[in-house]
$ cat start-v2.cif   # mmCIF, C-alpha atoms
data_query
#
loop_
_atom_site.label_atom_id
_atom_site.label_comp_id
_atom_site.auth_asym_id
_atom_site.auth_seq_id
_atom_site.Cartn_x
_atom_site.Cartn_y
_atom_site.Cartn_z
CA MET D 585 91.19 86.29 94.13
CA PHE D 586 88.78 85.82 91.23
CA ASP D 587 85.68 86.09 93.42
CA ARG D 588 87.10 89.38 94.69
CA LEU D 589 87.95 90.45 91.15
CA GLU D 590 84.34 89.96 90.05
CA ARG D 591 83.10 92.21 92.85
CA TYR D 592 85.71 94.85 92.11
CA CYS D 593 85.06 94.88 88.35
CA SER D 594 81.33 95.28 89.00
CA ALA D 595 81.87 98.41 91.12
CA PHE D 596 81.08 101.88 89.79
CA GLY D 597 84.33 103.85 89.81
CA PRO D 598 85.27 106.23 87.00
CA SER D 599 88.07 108.70 87.72
CA GLY D 600 87.02 110.97 90.57
CA CYS D 601 84.21 108.63 91.71
CA GLU D 602 86.16 105.82 93.40
CA ASP D 603 84.08 105.71 96.60
CA GLU D 604 82.41 102.33 95.99
CA ILE D 605 85.53 100.42 95.06
CA ARG D 606 87.46 102.03 97.92
CA ARG D 607 84.81 100.85 100.39
CA MET D 608 85.09 97.32 99.01
CA ILE D 609 88.87 97.31 99.40
CA ILE D 610 88.68 98.66 102.96
CA GLU D 611 86.20 95.92 103.83
CA ASP D 612 88.66 93.31 102.55
CA ILE D 613 91.85 94.68 104.16
CA ASP D 614 90.39 95.70 107.51
CA GLY D 615 92.26 93.85 110.25
CA HIS D 616 95.13 92.92 107.91
CA CYS D 617 96.99 96.26 107.80
CA ASP D 618 96.88 99.89 108.95
CA TYR D 619 95.22 102.23 106.46
CA ARG D 620 93.93 105.74 105.93
CA THR D 621 92.25 107.70 103.16
CA ASP D 622 93.91 110.98 102.20
CA ARG D 623 92.10 114.17 101.18
CA THR D 624 92.11 113.27 97.49
CA GLY D 625 90.63 109.78 98.02
CA ASN D 626 93.75 107.62 97.83
CA LEU D 627 93.75 104.62 100.16
CA LEU D 628 97.20 104.38 101.78
CA CYS D 629 98.16 101.24 103.71
CA PHE D 630 101.00 99.89 105.82
CA LYS D 631 101.45 96.14 106.25
CA SER D 632 103.78 94.95 109.00
CA GLY D 633 106.12 92.17 108.01
CA ARG D 634 108.28 89.92 110.09
CA LYS D 635 111.18 92.37 109.68
CA PRO D 636 111.60 96.13 109.08
CA ARG D 637 113.13 97.49 105.87
CA ALA D 638 116.08 99.85 105.61
CA ASN D 639 114.47 101.40 102.52
CA ARG D 640 110.77 102.04 102.01
CA LEU D 641 108.97 99.88 99.43
CA LEU D 642 105.58 100.88 98.01
CA VAL D 643 103.31 98.71 95.86
CA SER D 644 100.56 100.57 94.00
CA ALA D 645 97.44 99.96 91.91
CA HIS D 646 94.77 102.40 90.74
CA MET D 647 91.10 102.15 91.64
CA ASP D 648 89.54 104.19 88.83
CA GLU D 649 88.23 102.96 85.49
CA VAL D 650 87.58 104.79 82.23
CA GLY D 651 84.13 106.30 81.90
CA LEU D 652 81.94 109.03 80.43
CA MET D 653 80.58 112.33 81.75
CA ILE D 654 77.26 113.88 80.72
CA ASP D 655 77.83 117.36 79.29
CA TYR D 656 74.56 118.19 77.47
CA ILE D 657 70.95 117.01 77.42
CA THR D 658 68.96 117.54 74.23
CA PRO D 659 65.35 118.78 74.21
CA GLU D 660 64.40 115.22 73.26
CA GLY D 661 66.09 113.79 76.37
CA MET D 662 69.23 112.33 74.80
CA LEU D 663 72.48 112.65 76.78
CA HIS D 664 75.65 113.85 75.08
CA PHE D 665 78.92 113.12 76.85
CA GLY D 666 82.68 113.37 76.90
CA THR D 667 85.11 110.59 77.74
CA VAL D 668 86.88 110.28 81.11
CA GLY D 669 90.12 108.55 80.21
CA GLY D 670 91.20 107.01 76.93
CA ILE D 671 88.17 105.46 75.20
CA GLU D 672 87.93 105.11 71.44
CA SER D 673 84.59 105.95 69.82
CA LYS D 674 84.62 102.59 68.00
CA ASP D 675 84.15 100.89 71.38
CA LEU D 676 81.06 102.89 72.32
CA CYS D 677 78.18 102.66 69.88
CA GLY D 678 75.44 100.23 70.96
CA LYS D 679 77.02 99.58 74.38
CA TYR D 680 75.14 99.51 77.69
CA VAL D 681 76.13 101.96 80.43
CA VAL D 682 75.00 102.85 83.95
CA ILE D 683 74.91 106.48 85.06
CA GLY D 684 75.47 108.19 88.39
CA ASP D 685 74.62 107.31 91.96
CA LYS D 686 71.28 105.82 90.96
CA ARG D 687 72.93 103.59 88.33
CA ILE D 688 70.47 104.68 85.66
CA PRO D 689 70.72 102.26 82.70
CA GLY D 690 71.25 103.57 79.19
CA VAL D 691 72.49 102.57 75.77
CA ILE D 692 74.86 104.53 73.52
CA GLY D 693 73.39 105.38 70.14
CA SER D 694 74.11 107.46 67.05
CA LYS D 695 72.39 108.69 63.91
CA ALA D 696 70.28 105.97 62.25
CA ILE D 697 71.70 104.59 59.01
CA HIS D 698 68.81 105.91 56.89
CA HIS D 699 69.61 109.43 58.12
CA GLN D 700 73.30 109.15 57.26
CA LYS D 701 74.83 110.73 54.20
CA PRO D 702 76.57 108.28 51.85
CA GLU D 703 80.00 109.47 53.01
CA GLU D 704 79.04 108.84 56.65
CA ARG D 705 78.16 105.19 56.19
CA GLY D 706 80.70 102.65 57.35
CA ILE D 707 82.57 105.32 59.30
CA CYS D 708 82.84 105.20 63.10
CA PRO D 709 81.09 108.38 64.36
CA PRO D 710 83.13 110.64 66.66
CA VAL D 711 82.24 110.85 70.35
CA GLU D 712 80.57 114.24 69.93
CA GLU D 713 77.99 112.66 67.59
CA LEU D 714 77.07 109.87 70.01
CA TYR D 715 74.51 110.06 72.80
CA ILE D 716 73.11 107.97 75.65
CA ASP D 717 69.46 106.97 75.42
CA ILE D 718 67.85 106.35 78.82
CA GLY D 719 64.32 106.15 77.44
CA ALA D 720 63.40 109.71 78.41
CA ASP D 721 60.71 111.63 76.49
CA SER D 722 62.19 115.09 77.00
CA LYS D 723 65.00 117.05 78.65
CA GLN D 724 62.76 117.66 81.65
CA ASP D 725 62.02 113.93 81.89
CA ALA D 726 65.71 113.01 81.59
CA MET D 727 66.70 115.50 84.30
CA ARG D 728 64.52 113.66 86.80
CA PHE D 729 67.17 110.92 86.71
CA VAL D 730 70.48 112.44 85.54
CA GLY D 731 72.21 115.79 85.40
CA ILE D 732 75.10 117.57 83.74
CA GLY D 733 78.35 116.32 85.30
CA ASP D 734 77.02 112.86 86.14
CA CYS D 735 79.44 110.09 85.22
CA ALA D 736 78.74 106.77 83.53
CA VAL D 737 80.62 103.48 83.17
CA PHE D 738 80.07 100.39 81.07
CA ARG D 739 77.46 98.08 82.56
CA PRO D 740 78.95 95.37 84.84
CA ASN D 741 79.51 92.24 82.76
CA TYR D 742 82.11 90.04 84.49
CA LEU D 743 82.45 86.60 82.91
CA GLU D 744 84.85 83.70 83.35
CA SER D 745 85.13 81.49 80.29
CA GLY D 746 87.53 78.58 80.67
CA ALA D 747 91.02 80.01 81.04
CA PHE D 748 89.88 83.59 80.44
CA VAL D 749 88.32 86.47 82.34
CA MET D 750 86.24 89.03 80.45
CA SER D 751 84.97 92.28 81.97
CA LYS D 752 84.94 96.02 82.03
CA ALA D 753 87.47 97.64 84.38
CA LEU D 754 90.02 94.81 84.50
CA ASP D 755 92.37 97.79 84.21
CA ASP D 756 93.09 98.11 87.09
CA ARG D 757 90.64 96.29 89.33
CA PHE D 758 92.83 93.25 88.83
CA GLY D 759 95.74 95.19 90.34
CA CYS D 760 93.56 96.07 93.32
CA ALA D 761 92.48 92.43 93.77
CA ALA D 762 96.08 91.21 93.54
CA LEU D 763 97.34 93.68 96.15
CA VAL D 764 94.49 92.85 98.52
CA ASP D 765 95.37 89.17 98.14
CA ILE D 766 98.94 89.95 99.18
CA ILE D 767 97.88 92.19 102.09
CA ARG D 768 95.66 89.45 103.49
CA GLY D 769 98.61 87.08 103.68
CA GLU D 770 101.88 87.14 105.64
CA ILE D 771 104.88 89.05 104.32
CA GLU D 772 108.55 89.04 105.26
CA TYR D 773 109.23 92.81 105.34
CA ASP D 774 107.25 95.93 106.21
CA THR D 775 105.61 97.23 103.03
CA TYR D 776 103.44 100.16 102.02
CA PHE D 777 100.53 99.79 99.62
CA ALA D 778 98.57 102.47 97.76
CA PHE D 779 95.22 102.21 95.99
CA VAL D 780 95.14 105.47 94.08
CA ILE D 781 92.61 107.60 92.22
CA CYS D 782 92.52 109.20 88.77
CA GLU D 783 95.24 107.24 86.95
CA GLU D 784 93.17 107.26 83.76
CA VAL D 785 93.16 111.07 83.56
CA GLY D 786 96.81 111.79 84.21
CA CYS D 787 98.16 109.68 87.10
CA ARG D 788 97.01 112.33 89.57
CA GLY D 789 96.40 110.23 92.68
CA ALA D 790 99.90 108.77 92.51
CA GLN D 791 101.37 112.27 92.66
CA THR D 792 99.90 112.96 96.09
CA ALA D 793 100.59 109.39 97.28
CA ALA D 794 104.23 109.88 96.30
CA TYR D 795 104.49 112.91 98.59
CA SER D 796 102.64 111.18 101.43
CA LEU D 797 104.67 107.97 101.40
CA ASN D 798 107.99 109.14 99.88
CA ALA D 799 109.05 105.60 98.96
CA ASP D 800 112.55 104.62 97.93
CA TYR D 801 111.29 101.82 95.68
CA CYS D 802 107.90 101.46 94.00
CA ILE D 803 106.26 98.57 92.14
CA VAL D 804 103.18 99.45 90.11
CA CYS D 805 100.69 96.65 89.39
CA GLU D 806 98.86 97.40 86.16
CA ALA D 807 97.17 96.12 83.01
CA THR D 808 98.71 96.76 79.61
CA THR D 809 97.62 96.42 76.01
CA ALA D 810 98.01 92.97 74.45
CA ALA D 811 98.16 92.77 70.69
CA GLU D 812 98.58 89.22 69.48
CA GLU D 813 100.99 88.17 66.77
CA GLY D 814 99.00 87.10 63.70
CA VAL D 815 96.64 90.04 64.14
CA THR D 816 99.31 92.67 64.80
CA PRO D 817 102.77 92.57 63.17
CA GLU D 818 105.15 90.94 65.64
CA HIS D 819 107.41 93.98 65.92
CA LEU D 820 104.39 96.13 66.88
CA SER D 821 102.97 93.70 69.45
CA PRO D 822 103.78 94.93 72.98
CA CYS D 823 102.84 91.68 74.72
CA SER D 824 100.57 88.66 74.41
CA LEU D 825 98.17 86.66 76.52
CA ASN D 826 99.37 83.34 77.95
CA LYS D 827 103.01 84.44 78.17
CA GLY D 828 102.96 85.60 81.78
CA ALA D 829 103.53 88.83 83.68
CA VAL D 830 104.68 91.82 81.63
CA ILE D 831 107.83 93.56 82.88
CA SER D 832 108.38 97.03 81.41
CA ALA D 833 111.77 98.50 80.52
CA VAL D 834 110.42 101.75 79.07
CA ASP D 835 107.02 103.14 78.07
CA GLY D 836 105.53 106.47 77.02
CA GLY D 837 105.95 107.99 80.48
CA THR D 838 108.78 106.18 82.26
CA ILE D 839 112.27 104.81 81.77
CA TYR D 840 112.27 102.12 84.43
CA ASP D 841 115.02 101.62 86.95
CA ARG D 842 117.43 98.95 85.69
CA GLU D 843 118.08 97.58 89.18
CA LEU D 844 114.39 96.88 89.75
CA PHE D 845 113.94 95.64 86.18
CA ASP D 846 116.77 93.12 86.69
CA ILE D 847 115.35 92.10 90.07
CA ALA D 848 111.95 91.46 88.47
CA VAL D 849 113.48 89.27 85.75
CA GLU D 850 115.78 87.41 88.17
CA THR D 851 112.89 86.81 90.59
CA ALA D 852 110.62 85.49 87.84
CA LYS D 853 113.34 83.09 86.69
CA ALA D 854 114.20 81.95 90.22
CA LYS D 855 110.54 81.32 91.13
CA LYS D 856 109.70 79.87 87.70
CA ILE D 857 107.00 82.50 87.19
CA PRO D 858 106.11 83.04 83.50
CA TYR D 859 107.10 86.52 82.32
CA GLN D 860 107.61 88.59 79.18
CA ILE D 861 109.23 91.95 78.44
CA LYS D 862 107.04 94.71 77.02
CA LYS D 863 108.37 95.17 73.51
CA ILE D 864 107.30 98.61 72.33
CA ILE D 865 107.59 102.11 73.79
CA ALA D 866 103.95 103.07 74.33
CA GLY D 867 101.38 103.71 77.03
CA GLY D 868 102.13 104.75 80.57
CA ASN D 869 100.97 104.41 84.16
CA ASP D 870 101.44 105.73 87.70
CA SER D 871 105.15 104.81 87.64
CA ARG D 872 105.93 108.17 86.06
CA SER D 873 104.39 110.03 89.00
CA TYR D 874 106.27 107.98 91.60
CA GLN D 875 109.52 108.44 89.68
CA GLN D 876 109.18 112.21 89.22
CA THR D 877 107.32 113.40 92.35
CA ALA D 878 108.64 114.29 95.81
CA THR D 879 112.22 112.99 96.11
CA GLY D 880 111.56 110.38 93.41
CA ALA D 881 111.62 106.60 93.62
CA LYS D 882 113.12 103.69 91.75
CA VAL D 883 110.17 102.22 89.88
CA ALA D 884 109.08 98.98 88.23
CA ALA D 885 105.83 98.09 86.47
CA ILE D 886 104.50 94.53 86.52
CA SER D 887 101.41 94.26 84.33
CA SER D 888 98.83 91.82 83.09
CA PRO D 889 98.39 91.64 79.31
CA SER D 890 94.83 92.59 78.37
CA ARG D 891 93.06 92.48 75.04
CA TYR D 892 90.57 95.28 74.24
CA ILE D 893 91.76 97.44 77.12
CA HIS D 894 89.54 100.45 77.99
CA SER D 895 86.62 98.82 76.20
CA PRO D 896 83.37 97.38 77.62
CA SER D 897 84.96 93.91 77.66
CA GLY D 898 88.64 93.51 78.35
CA VAL D 899 90.01 89.98 78.13
CA CYS D 900 92.75 88.56 80.37
CA ARG D 901 94.03 85.05 80.92
CA LYS D 902 93.82 83.72 84.47
CA SER D 903 97.33 82.29 84.37
CA ASP D 904 98.76 85.73 83.49
CA LEU D 905 96.88 87.37 86.37
CA ILE D 906 98.22 84.76 88.79
CA ALA D 907 101.75 85.27 87.42
CA VAL D 908 101.54 89.03 88.06
CA ARG D 909 100.32 88.53 91.62
CA ASP D 910 102.94 85.88 92.35
CA LEU D 911 105.80 87.93 90.89
CA ILE D 912 104.89 91.01 92.93
CA ALA D 913 104.50 88.88 96.07
CA ALA D 914 107.94 87.38 95.46
CA MET D 915 109.51 90.81 94.86
CA ILE D 916 108.08 92.02 98.17
CA GLU D 917 110.05 89.29 99.95
CA ARG D 918 113.34 91.07 99.15
CA SER D 919 114.86 93.49 101.66
CA TYR D 920 116.01 96.26 99.23
CA ASP D 921 118.77 97.31 101.62
#
$ encode --input "start-v2.cif" --output "structure tokens"
Amino acid sequence: MFDRLERYCSAFGPSGCEDEIRRMIIEDIDGHCDYRTDRTGNLLCFKSGRKPRANRLLVSAHMDEVGLMIDYITPEGMLHFGTVGGIESKDLCGKYVVIGDKRIPGVIGSKAIHHQKPEERGICPPVEELYIDIGADSKQDAMRFVGIGDCAVFRPNYLESGAFVMSKALDDRFGCAALVDIIRGEIEYDTYFAFVICEEVGCRGAQTAAYSLNADYCIVCEATTAAEEGVTPEHLSPCSLNKGAVISAVDGGTIYDRELFDIAVETAKAKKIPYQIKKIIAGGNDSRSYQQTATGAKVAAISSPSRYIHSPSGVCRKSDLIAVRDLIAAMIERSYD
């Protein structure tokens, strides 16, 4: 799974530009399930089990990552941009990016310190004051390589360090890698899988997938913000690394189905899979779309805790990633009659 995760994290795939990561997933699941790509770019799959289900179960992960979009090029050849998804400006300055189909390298810069007013020093500049430097001499020179509307992502930087994985796009390329791992194995019951687009900009792909598949039950495999005790007050820490899969009861977009929540907890206990309950009401994911779209579905979210989420270098613990995969695999083995 971790070899696959490295390939997936290195793919270029901001919201709306998921072609490369979708091709990788198709390559890995071909021959292991039936699949199709819908008009929006979602990859929808059906995996035959040993038995049929009375009720339809869907397991979902999103393919897109946060990114940037070029919206202005200065006469000097610097690229101004907006964010695609939730990125804080503090995570941007001085970071490497790659832009567009040609993967043009650039670095994010801002006003030099000796040009800053006293009140500007020590303050994180807003996104609109940042720019990408690709080494161009002029606007005309820059436009030989990039154009308005081109998207950028953080430069691929996957690293395994002992018990940890560090990379851009762990949210949610880990979810994709985990689901592919499950699809490539044997399962007890027929199950649908969805690899969806545009979660980072409003859970849009899941809305169309919900209509297409009209599941009765849905498990969303995600990453969620870890804030460790000792750095963050304990009552404000949603989850922590090295405590296992995160099971959500409620977040900023969804009140999760209690039946599925209880099944997740009972399954983790029965299989001795480490787990934790997300402790604060914050964030959100594709669960809200599956719960509210079409005829609705009973939803659960099983997530990996991740430090520095939506930054150039998220950090996850391998044991937590394995726990998420194993818990979802175990939940798939139930009939949901």
$ resolve_selection --input "start-v2.cif" --expression "the PyMOL selection byres ((chain D and resi 599) around 8)" --output "list in words"
Gly597, Pro598, Gly600, Cys601, Glu602, Asp648, Glu649, Val650, Gly651, Val668, Gly669, Ile781, Cys782, Glu783, Glu784 and Val785 of chain D
$ closest_residue --input "start-v2.cif" --among "D:Gly836, D:Pro740, D:Gly670, D:Pro889" --to "D:Ser821" --atoms "only C-alpha atoms"
D:Pro889
$ atom_distance --input "start-v2.cif" --atom1 "atom CA of D:Ile771" --atom2 "atom CA of D:Arg918"
10.1 Å
$ resolve_selection --input "start-v2.cif" --expression "the PyMOL selection byres ((chain D and resi 801-807) around 8)" --output "number ranges by chain"
D: 639-646, 754-756, 758-759, 799-800, 808-809, 869-871, 874, 881-890, 908, 912
$ residues_around --input "start-v2.cif" --residues "stretch 714-727 of chain D" --least-positions-apart "4" --cutoff "7 Å" --atoms "all atoms listed in the file" --output "PDB file with C-alpha atoms, keeping the file's coordinate frame"
ATOM      1  CA  ILE D 657      70.950 117.010  77.420  1.00  0.00           C
ATOM      2  CA  THR D 658      68.960 117.540  74.230  1.00  0.00           C
ATOM      3  CA  PRO D 659      65.350 118.780  74.210  1.00  0.00           C
ATOM      4  CA  GLU D 660      64.400 115.220  73.260  1.00  0.00           C
ATOM      5  CA  GLY D 661      66.090 113.790  76.370  1.00  0.00           C
ATOM      6  CA  MET D 662      69.230 112.330  74.800  1.00  0.00           C
ATOM      7  CA  LEU D 663      72.480 112.650  76.780  1.00  0.00           C
ATOM      8  CA  HIS D 664      75.650 113.850  75.080  1.00  0.00           C
ATOM      9  CA  PHE D 665      78.920 113.120  76.850  1.00  0.00           C
ATOM     10  CA  PRO D 689      70.720 102.260  82.700  1.00  0.00           C
ATOM     11  CA  GLY D 690      71.250 103.570  79.190  1.00  0.00           C
ATOM     12  CA  VAL D 691      72.490 102.570  75.770  1.00  0.00           C
ATOM     13  CA  ILE D 692      74.860 104.530  73.520  1.00  0.00           C
ATOM     14  CA  GLY D 693      73.390 105.380  70.140  1.00  0.00           C
ATOM     15  CA  SER D 694      74.110 107.460  67.050  1.00  0.00           C
ATOM     16  CA  PRO D 710      83.130 110.640  66.660  1.00  0.00           C
ATOM     17  CA  GLY D 731      72.210 115.790  85.400  1.00  0.00           C
TER      18      GLY D 731
END
$ closest_residue --input "start-v2.cif" --among "D:Cys708, D:Ala852, D:Val834, D:Val682" --to "D:Ala914" --atoms "all atoms listed in the file"
D:Ala852
$ resolve_selection --input "start-v2.cif" --expression "the PyMOL selection byres ((chain D and resi 859) around 8)" --output "PyMOL selection string"
chain D and resi 827-831+849+852+857-858+860-861+907
$ closest_residue --input "start-v2.cif" --among "D:Arg623, D:Arg872, D:Lys635, D:His616" --to "D:Thr838" --atoms "only C-alpha atoms"
D:Arg872
$ closest_residue --input "start-v2.cif" --among "D:Ala878, D:Ile654, D:Leu825, D:Ile609" --to "D:Cys735" --atoms "all atoms listed in the file"
D:Ile654
$ atom_distance --input "start-v2.cif" --atom1 "atom CA of D:Glu611" --atom2 "atom CA of D:Phe586"
16.4 Å
$ atom_distance --input "start-v2.cif" --atom1 "atom CA of D:Leu763" --atom2 "atom CA of D:Asp841"
21.5 Å
$ closest_residue --input "start-v2.cif" --among "D:Leu844, D:Cys593, D:Ile864, D:Ala913" --to "D:Gly769" --atoms "only C-alpha atoms"
D:Ala913
$ residues_around --input "start-v2.cif" --residues "D:Glu917" --least-positions-apart "3" --cutoff "12 Å" --atoms "all atoms listed in the file" --output "list of chain:residue names"
D:Gly633, D:Arg634, D:Lys635, D:Pro636, D:Arg637, D:Leu641, D:Ile766, D:Glu770, D:Ile771, D:Glu772, D:Tyr773, D:Asp774, D:Thr775, D:Ile847, D:Ala848, D:Thr851, D:Lys855, D:Asp910, D:Leu911, D:Ile912, D:Ala913, D:Ala914, D:Tyr920, D:Asp921
$ closest_residue --input "start-v2.cif" --among "D:Val764, D:Met585, D:Ile688, D:Leu676" --to "D:Cys617" --atoms "all atoms listed in the file"
D:Val764
$ decode --input "start-v2.cif" --residues "stretch 618-639 of chain D" --atoms "N, CA and C atoms" --output "tab-separated table (two decimals), in the first residue's frame"
chain	number	residue	atom	x	y	z
D	618	ASP	N	-15.44	-4.04	-11.91
D	618	ASP	CA	-16.01	-3.30	-13.03
D	618	ASP	C	-15.96	-1.82	-12.70
D	619	TYR	N	-15.70	-0.98	-13.68
D	619	TYR	CA	-15.59	0.46	-13.39
D	619	TYR	C	-15.98	1.28	-14.61
D	620	ARG	N	-16.34	2.52	-14.34
D	620	ARG	CA	-16.62	3.49	-15.40
D	620	ARG	C	-16.32	4.89	-14.86
D	621	THR	N	-16.08	5.80	-15.76
D	621	THR	CA	-15.88	7.20	-15.40
D	621	THR	C	-17.11	7.98	-15.83
D	622	ASP	N	-17.72	8.74	-14.93
D	622	ASP	CA	-18.91	9.50	-15.31
D	622	ASP	C	-18.51	10.82	-15.98
D	623	ARG	N	-19.50	11.60	-16.38
D	623	ARG	CA	-19.23	12.82	-17.14
D	623	ARG	C	-18.45	13.86	-16.35
D	624	THR	N	-18.55	13.83	-15.03
D	624	THR	CA	-17.84	14.82	-14.22
D	624	THR	C	-16.40	14.42	-13.93
D	625	GLY	N	-16.08	13.12	-14.11
D	625	GLY	CA	-14.72	12.64	-13.82
D	625	GLY	C	-14.63	11.70	-12.64
D	626	ASN	N	-15.76	11.43	-11.97
D	626	ASN	CA	-15.75	10.43	-10.90
D	626	ASN	C	-15.45	9.05	-11.48
D	627	LEU	N	-14.73	8.25	-10.72
D	627	LEU	CA	-14.46	6.86	-11.09
D	627	LEU	C	-15.34	5.98	-10.20
D	628	LEU	N	-16.32	5.30	-10.81
D	628	LEU	CA	-17.32	4.52	-10.08
D	628	LEU	C	-17.09	3.04	-10.33
D	629	CYS	N	-17.02	2.25	-9.28
D	629	CYS	CA	-16.59	0.85	-9.38
D	629	CYS	C	-17.59	-0.08	-8.69
D	630	PHE	N	-17.64	-1.30	-9.20
D	630	PHE	CA	-18.42	-2.36	-8.55
D	630	PHE	C	-17.53	-3.58	-8.40
D	631	LYS	N	-17.40	-4.04	-7.16
D	631	LYS	CA	-16.59	-5.22	-6.85
D	631	LYS	C	-17.51	-6.36	-6.42
D	632	SER	N	-17.47	-7.45	-7.18
D	632	SER	CA	-18.28	-8.61	-6.82
D	632	SER	C	-17.69	-9.32	-5.61
D	633	GLY	N	-18.55	-9.64	-4.66
D	633	GLY	CA	-18.14	-10.43	-3.52
D	633	GLY	C	-18.60	-11.87	-3.68
D	634	ARG	N	-18.44	-12.60	-2.63
D	634	ARG	CA	-18.90	-13.99	-2.65
D	634	ARG	C	-20.43	-14.08	-2.56
D	635	LYS	N	-21.04	-13.00	-2.02
D	635	LYS	CA	-22.49	-13.00	-1.84
D	635	LYS	C	-23.04	-11.63	-2.25
D	636	PRO	N	-24.32	-11.58	-2.67
D	636	PRO	CA	-24.96	-10.28	-2.93
D	636	PRO	C	-25.40	-9.63	-1.62
D	637	ARG	N	-25.67	-8.33	-1.68
D	637	ARG	CA	-26.20	-7.61	-0.51
D	637	ARG	C	-27.68	-7.28	-0.73
D	638	ALA	N	-28.43	-7.26	0.35
D	638	ALA	CA	-29.82	-6.80	0.27
D	638	ALA	C	-29.86	-5.28	0.13
D	639	ASN	N	-28.92	-4.60	0.78
D	639	ASN	CA	-28.82	-3.14	0.71
D	639	ASN	C	-27.47	-2.76	0.11
